[in-house]
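Have a look at the structure below, then the notes.
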Amino acid sequence: MRLFFYTVVCLFVAVPVKSQENPAIEQVHPAIGRFLDSPYMNGASVSIMVKNMSDGSIICSYDADREVIPASVMKIVTTATALEILEGDFRYETSVMYDGQITDSVLNGNIYICGSGDPTTGSADLKTGRDSVMKEWVAAIKKAGIRKIIGAVIADESIFDTEGISMKWLREDLGSNYGQGCYGLNVFDNRYSLFLNTGKAESKPDIAKSDPDMSSILFRNYLTTSKTAKDSSYIIGFPYSNERYLYGTVPENRHEYRLGGDIPEPALFLAQYINNMLKKENITVIGNPSCHRILSQSDKWNRQNREVIVNTYSPPLKEVVGITNHESNNLFADALLKTVGLKYKSDEKLSSFDKGIKTLNDYWNGKGLNTSSLWMYDGSGLALTDKTTAKFLCEILTYMATESKSSDVFVRSIPRAGIEGTVRSTLNGTVLQGKIRLKSGSMSRVRSYAGYMTDNNRQFALAIMVNNFSCKQAQIKNDIEQLLLSLFNQ
């Protein structure tokens, strides 16, 4: 196997240089030239850079200053910023509190679930059980001697704004299990599963059940079944709305065929969920569950002093960042950006995407990284208006690997290609399997990768982003794999 040293020599020989005939034209690395030569790359926007982090030299590049859509590769910027500003041992805190008085096992007041933006509560990406934290809360309420609550269970999600989603997201993403909103209280990744029983082709499938139970949602079912195995279905809806619209087609003759959607109002849902758990433990609750948004809009928000029953904590940030980049968890990334926004100096206490982005830009500009080519409208990369360049990504990757106190944590958060995370099938079975770490990103006509290549104590930062190609995702993925093999294994 001829691997890295020979590659480095070849790559240095192939560094783009100015043509003597026309100094404005750069000579393109042969592997990149072959990549660009495919007919379905006509009209595509491409930004590529490979950088040697030991000396800062550029191994090869193509239009590295071109601003393109990165999709989920934007999570690299979000997670790097969170580690820098919040640091790896940071944990989200959720407090269960009460107001009023406890007399003879009766609480003459309310139970409050007070959030700090924790996206991990009940997350399927954690190894703990789904209800483990909620069971802790209920047990603590029982231990406090409360057997009856004259008031209600109220969710306090006020630390974040009520925007939830980015205004730049596409309609087709709203209501989906990956386009969930991010709030001061989140639960079960803010997702539910909807199960269908599908009959013969061209018929309407029946809704069997949802998990967790979303009986509060009115599903408008416009789905049809198809003989093809392809799922082209959508769940469409807006935050806080109890209506969801089901469009598209699903395969025929399936039992409990699963679709995924977003929980419309996680804070209210969590209050209802805890209310039901308390009743199962024979704790009577007189009032109806509610949340800060609803009560404040009707001018009924109670600002009385509260007493803490129990505080619970998320896993450390270093673990949350690992999940964010390995599993490409949109909710985690958006929560991290809003949490960073809490550091923004302003009279407002609540956070938003906008404040997170301002904090992020201020931080990196202060570190000498020019963010003028970075356009962010969320932390997850779901916004079609998000833009950045291969050059900026390589700069932030280089900083995190060579200067950050969280270097090891961040580098390990990028999954190894062919082995784990969303790139477990990328470069699988090739000589680069496990040798290259990549964060992937994709959406309609967008395919991006960024990360690290390490061999023999040499480390390279790389970014490859392609927009507006006219082939299928599988084809562009294969071509990018071949490009990486050409660049790193000649």
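How things are named: the first chain in the structure tokens is A, the next is B, and so on; residues count from 1 in each chain; ligands count from 1 in the order shown.
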
Near-A:Asn52 list (9 Å; only C-alpha atoms; drop same-chain fewer than 2 positions) as a count of residues only: 13

At a cut-off of 8 Å, using only C-alpha atoms, what residues contact A:Glu256? Leave out same-chain residues fewer than 3 positions from it and give the result as a VMD selection string. chain A and resid 195 to 198 208

Requested write-out: all heavy atoms of the selected residues, as a compact mmCIF listing (two decimals), in the first residue's frame:
# COMPACT_ATOMS: atom_id res chain seq x y z
N PHE A 195 -47.34 5.85 13.44
CA PHE A 195 -47.38 4.52 12.83
C PHE A 195 -48.63 4.35 11.99
O PHE A 195 -49.74 4.64 12.44
CB PHE A 195 -47.30 3.44 13.91
CG PHE A 195 -46.00 3.45 14.66
CD1 PHE A 195 -45.86 4.18 15.83
CD2 PHE A 195 -44.90 2.75 14.17
CE1 PHE A 195 -44.65 4.20 16.52
CE2 PHE A 195 -43.69 2.77 14.84
CZ PHE A 195 -43.57 3.49 16.02
N LEU A 196 -48.42 3.87 10.76
CA LEU A 196 -49.51 3.69 9.80
C LEU A 196 -49.68 2.23 9.44
O LEU A 196 -48.70 1.48 9.37
CB LEU A 196 -49.22 4.47 8.51
CG LEU A 196 -48.81 5.94 8.62
CD1 LEU A 196 -48.41 6.46 7.24
CD2 LEU A 196 -49.92 6.77 9.21
N ASN A 197 -50.90 1.83 9.18
CA ASN A 197 -51.20 0.54 8.55
C ASN A 197 -51.62 0.84 7.12
O ASN A 197 -52.63 1.53 6.89
CB ASN A 197 -52.30 -0.19 9.29
CG ASN A 197 -51.85 -0.67 10.66
OD1 ASN A 197 -50.68 -1.00 10.87
ND2 ASN A 197 -52.77 -0.73 11.61
N THR A 198 -50.81 0.40 6.17
CA THR A 198 -51.08 0.72 4.76
C THR A 198 -51.70 -0.48 4.07
O THR A 198 -51.31 -1.62 4.30
CB THR A 198 -49.79 1.13 4.04
OG1 THR A 198 -48.97 -0.01 3.84
CG2 THR A 198 -49.02 2.17 4.86
N ALA A 208 -52.40 4.27 12.97
CA ALA A 208 -52.56 3.26 14.02
C ALA A 208 -52.32 3.85 15.41
O ALA A 208 -53.13 3.66 16.33
CB ALA A 208 -51.61 2.09 13.78

So which residues touch A:Cys114 within 7 Å, counting only C-alpha atoms, skipping near sequence neighbours fewer than 3 positions away, as a VMD selection string? chain A and resid 94 to 96 155 to 157

Please extract the residues of stretch 227-416 of chain A with a backbone DSSP assignment of alpha helix (DSSP H) and present them as a ChimeraX atom specification. /A:266-280,292-297,317-327,330-341,353-366,390-402,407-413

Hey, could you make a per-residue contact list for stretch 196-261 of chain A against stretch 269-293 of chain A with 10 Å as the cut-off, showing the nearest pair of atoms and its distance in Å to one decimal, counting only C-alpha atoms, sorted by chain and number, as CSV?
residue,atom,partner,partner_atom,distance
A:Pro212,CA,A:Tyr273,CA,9.5
A:Asp213,CA,A:Tyr273,CA,9.6
A:Met214,CA,A:Phe269,CA,8.9
A:Ser216,CA,A:Phe269,CA,9.4
A:Tyr240,CA,A:Arg293,CA,10.0

Please save all heavy atoms of the selected residues as a tab-separated table (two decimals), in the first residue's frame.
chain	number	residue	atom	x	y	z
A	212	PRO	N	-44.20	9.17	21.45
A	212	PRO	CA	-45.18	9.17	22.53
A	212	PRO	C	-46.56	9.57	22.02
A	212	PRO	O	-46.69	10.06	20.90
A	212	PRO	CB	-44.62	10.20	23.52
A	212	PRO	CG	-43.80	11.11	22.67
A	212	PRO	CD	-43.19	10.25	21.62
A	213	ASP	N	-47.55	9.40	22.85
A	213	ASP	CA	-48.93	9.65	22.46
A	213	ASP	C	-49.12	11.12	22.10
A	213	ASP	O	-48.85	12.01	22.90
A	213	ASP	CB	-49.88	9.27	23.60
A	213	ASP	CG	-51.32	9.58	23.26
A	213	ASP	OD1	-51.73	9.30	22.12
A	213	ASP	OD2	-52.04	10.11	24.14
A	214	MET	N	-49.57	11.36	20.87
A	214	MET	CA	-49.80	12.73	20.40
A	214	MET	C	-51.27	12.90	20.03
A	214	MET	O	-51.61	13.46	18.99
A	214	MET	CB	-48.90	13.03	19.18
A	214	MET	CG	-47.41	12.89	19.44
A	214	MET	SD	-46.79	13.91	20.80
A	214	MET	CE	-47.14	15.54	20.19
A	216	SER	N	-53.31	14.86	21.07
A	216	SER	CA	-53.71	16.26	21.02
A	216	SER	C	-53.57	16.85	19.62
A	216	SER	O	-54.10	17.93	19.33
A	216	SER	CB	-52.86	17.10	21.99
A	216	SER	OG	-51.48	17.01	21.65
A	240	TYR	N	-46.47	25.23	17.71
A	240	TYR	CA	-47.63	25.59	18.53
A	240	TYR	C	-48.97	25.22	17.91
A	240	TYR	O	-50.00	25.40	18.54
A	240	TYR	CB	-47.61	27.09	18.89
A	240	TYR	CG	-46.29	27.57	19.44
A	240	TYR	CD1	-45.62	28.63	18.86
A	240	TYR	CD2	-45.71	26.94	20.54
A	240	TYR	CE1	-44.41	29.07	19.36
A	240	TYR	CE2	-44.49	27.37	21.04
A	240	TYR	CZ	-43.84	28.42	20.45
A	240	TYR	OH	-42.63	28.85	20.93

Write out as JSON, numbers by chain all residues of stretch 244-321 of chain A that DSSP puts in strand (DSSP E) for this structure's backbone. {"A": [244, 245, 246, 247, 249, 250, 251, 257, 258, 259, 260, 261, 262, 284, 285, 290, 291, 307, 308, 309, 310, 311, 312, 313]}

Excluding A:Asp189 and any residue of its chain fewer than 3 positions from it, enumerate the residues within 8 Å of it, using only C-alpha atoms, and give them as a tab-separated table (two decimals) with N, CA and C atoms, in the first residue's frame.
chain	number	residue	atom	x	y	z
A	119	PRO	N	-31.16	20.18	25.44
A	119	PRO	CA	-31.78	19.42	24.36
A	119	PRO	C	-31.77	17.92	24.59
A	120	THR	N	-31.15	17.47	25.69
A	120	THR	CA	-30.89	16.02	25.86
A	120	THR	C	-31.96	15.30	26.67
A	121	THR	N	-32.94	16.01	27.24
A	121	THR	CA	-33.94	15.36	28.09
A	121	THR	C	-34.71	14.30	27.32
A	122	GLY	N	-34.56	13.06	27.74
A	122	GLY	CA	-35.26	11.95	27.09
A	122	GLY	C	-34.78	11.65	25.68
A	123	SER	N	-33.59	12.12	25.32
A	123	SER	CA	-33.11	11.95	23.95
A	123	SER	C	-32.82	10.49	23.62
A	124	ALA	N	-33.20	10.08	22.42
A	124	ALA	CA	-32.92	8.72	21.95
A	124	ALA	C	-31.43	8.52	21.70
A	186	ASN	N	-37.00	21.06	26.22
A	186	ASN	CA	-37.10	20.12	25.11
A	186	ASN	C	-37.25	18.72	25.68
A	331	LEU	N	-31.49	19.42	16.64
A	331	LEU	CA	-31.94	20.05	17.88
A	331	LEU	C	-30.75	20.39	18.77

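Put simply, atom CA of A:Glu136 is 28.4 Å away from atom CA of A:Lys300.
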
If we count only C-alpha atoms, what is near A:Ala44 at a cut-off of 12 Å, once residues fewer than 4 positions away on the same chain are taken out, given as a list in words?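 That gives Phe35, Leu36, Asp37, Ser38, Pro39, Tyr40, Asp63, Arg66, Val68, Ile69, Arg445, Val446, Arg447, Met465, Val466, Asn467, Asn468, Phe469, Ser470, Cys471 and Ile476 of chain A.
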
Produce a file of the selected residues containing C-alpha atoms, as a PDB file, in the first residue's frame.
ATOM      1  CA  PHE A  35     -14.132  15.711 -10.393  1.00  0.00           C
ATOM      2  CA  LEU A  36     -15.317  18.919 -12.063  1.00  0.00           C
ATOM      3  CA  ASP A  37     -15.335  17.428 -15.569  1.00  0.00           C
ATOM      4  CA  SER A  38     -18.536  15.395 -15.156  1.00  0.00           C
ATOM      5  CA  PRO A  39     -21.508  16.727 -17.183  1.00  0.00           C
ATOM      6  CA  TYR A  40     -23.704  16.898 -14.077  1.00  0.00           C
ATOM      7  CA  ASP A  63     -12.634  28.358  -5.430  1.00  0.00           C
ATOM      8  CA  ARG A  66     -16.793  30.694  -2.841  1.00  0.00           C
ATOM      9  CA  VAL A  68     -21.886  27.896  -0.718  1.00  0.00           C
ATOM     10  CA  ILE A  69     -24.542  26.089   1.311  1.00  0.00           C
ATOM     11  CA  ARG A 445     -28.624  19.408  -4.559  1.00  0.00           C
ATOM     12  CA  VAL A 446     -26.163  19.988  -1.717  1.00  0.00           C
ATOM     13  CA  ARG A 447     -23.376  17.654  -0.587  1.00  0.00           C
ATOM     14  CA  MET A 465     -18.698  21.474  -0.640  1.00  0.00           C
ATOM     15  CA  VAL A 466     -20.781  21.069  -3.795  1.00  0.00           C
ATOM     16  CA  ASN A 467     -24.057  22.842  -4.611  1.00  0.00           C
ATOM     17  CA  ASN A 468     -26.392  22.612  -7.622  1.00  0.00           C
ATOM     18  CA  PHE A 469     -25.139  19.354  -9.120  1.00  0.00           C
ATOM     19  CA  SER A 470     -27.630  17.629 -11.426  1.00  0.00           C
ATOM     20  CA  CYS A 471     -27.074  13.980 -10.472  1.00  0.00           C
ATOM     21  CA  ILE A 476     -22.020  12.821  -6.033  1.00  0.00           C
TER      22      ILE A 476
END

List the spatial neighbours of stretch 163-175 of chain A as a list in words - criterion: any atom at most 6 Å away, only C-alpha atoms, same-chain residues fewer than 5 positions off excluded. Gly181, Cys182, Tyr183, Ile235, Ile236, Gly237, Gly261, Asp262 and Ala383 of chain A

Would you export the selected residues with C-alpha atoms as a short mmCIF file (atom, residue, chain, number, x, y, z; two decimals), in the first residue's frame, please?
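So part32.cif came out as:
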data_model
loop_
_atom_site.label_atom_id
_atom_site.label_comp_id
_atom_site.auth_asym_id
_atom_site.auth_seq_id
_atom_site.Cartn_x
_atom_site.Cartn_y
_atom_site.Cartn_z
CA GLY A 181 -38.02 23.64 17.01
CA CYS A 182 -35.61 24.40 19.84
CA TYR A 183 -36.99 25.78 23.10
CA ILE A 235 -45.59 15.72 7.81
CA ILE A 236 -46.19 19.46 7.56
CA GLY A 237 -47.09 21.86 10.37
CA GLY A 261 -42.72 14.35 13.13
CA ASP A 262 -41.98 17.20 15.52
CA ALA A 383 -31.51 26.99 6.58
#

Can you tell me, as a JSON list (two decimals) with N, CA, C and O atoms, in the first residue's frame, what residues are no more than 10 Å from A:Glu481 when counting only C-alpha atoms, ignoring any on the same chain fewer than 6 positions away?
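Output below, filename out.json:
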[["chain", "number", "residue", "atom", "x", "y", "z"],
["A", 426, "THR", "N", -19.41, 5.96, 4.32],
["A", 426, "THR", "CA", -18.52, 6.73, 3.45],
["A", 426, "THR", "C", -17.11, 6.17, 3.51],
["A", 426, "THR", "O", -16.56, 5.96, 4.59],
["A", 427, "LEU", "N", -16.53, 5.88, 2.34],
["A", 427, "LEU", "CA", -15.18, 5.34, 2.22],
["A", 427, "LEU", "C", -15.04, 3.97, 2.90],
["A", 427, "LEU", "O", -13.93, 3.52, 3.18],
["A", 428, "ASN", "N", -16.17, 3.33, 3.14],
["A", 428, "ASN", "CA", -16.15, 2.01, 3.77],
["A", 428, "ASN", "C", -15.44, 1.00, 2.86],
["A", 428, "ASN", "O", -15.74, 0.90, 1.67],
["A", 430, "THR", "N", -12.32, 1.10, 1.95],
["A", 430, "THR", "CA", -11.20, 1.70, 1.23],
["A", 430, "THR", "C", -10.01, 1.88, 2.18],
["A", 430, "THR", "O", -10.13, 1.70, 3.40],
["A", 432, "LEU", "N", -8.84, 4.52, 3.15],
["A", 432, "LEU", "CA", -9.05, 5.69, 4.01],
["A", 432, "LEU", "C", -10.04, 5.41, 5.14],
["A", 432, "LEU", "O", -10.27, 6.28, 5.98],
["A", 475, "GLN", "N", -24.52, 9.41, -6.55],
["A", 475, "GLN", "CA", -23.46, 9.63, -7.53],
["A", 475, "GLN", "C", -22.45, 10.66, -7.04],
["A", 475, "GLN", "O", -21.24, 10.45, -7.12],
["A", 487, "LEU", "N", -6.73, 12.27, -3.73],
["A", 487, "LEU", "CA", -5.92, 13.28, -3.04],
["A", 487, "LEU", "C", -5.03, 12.67, -1.95],
["A", 487, "LEU", "O", -3.89, 13.10, -1.76]]
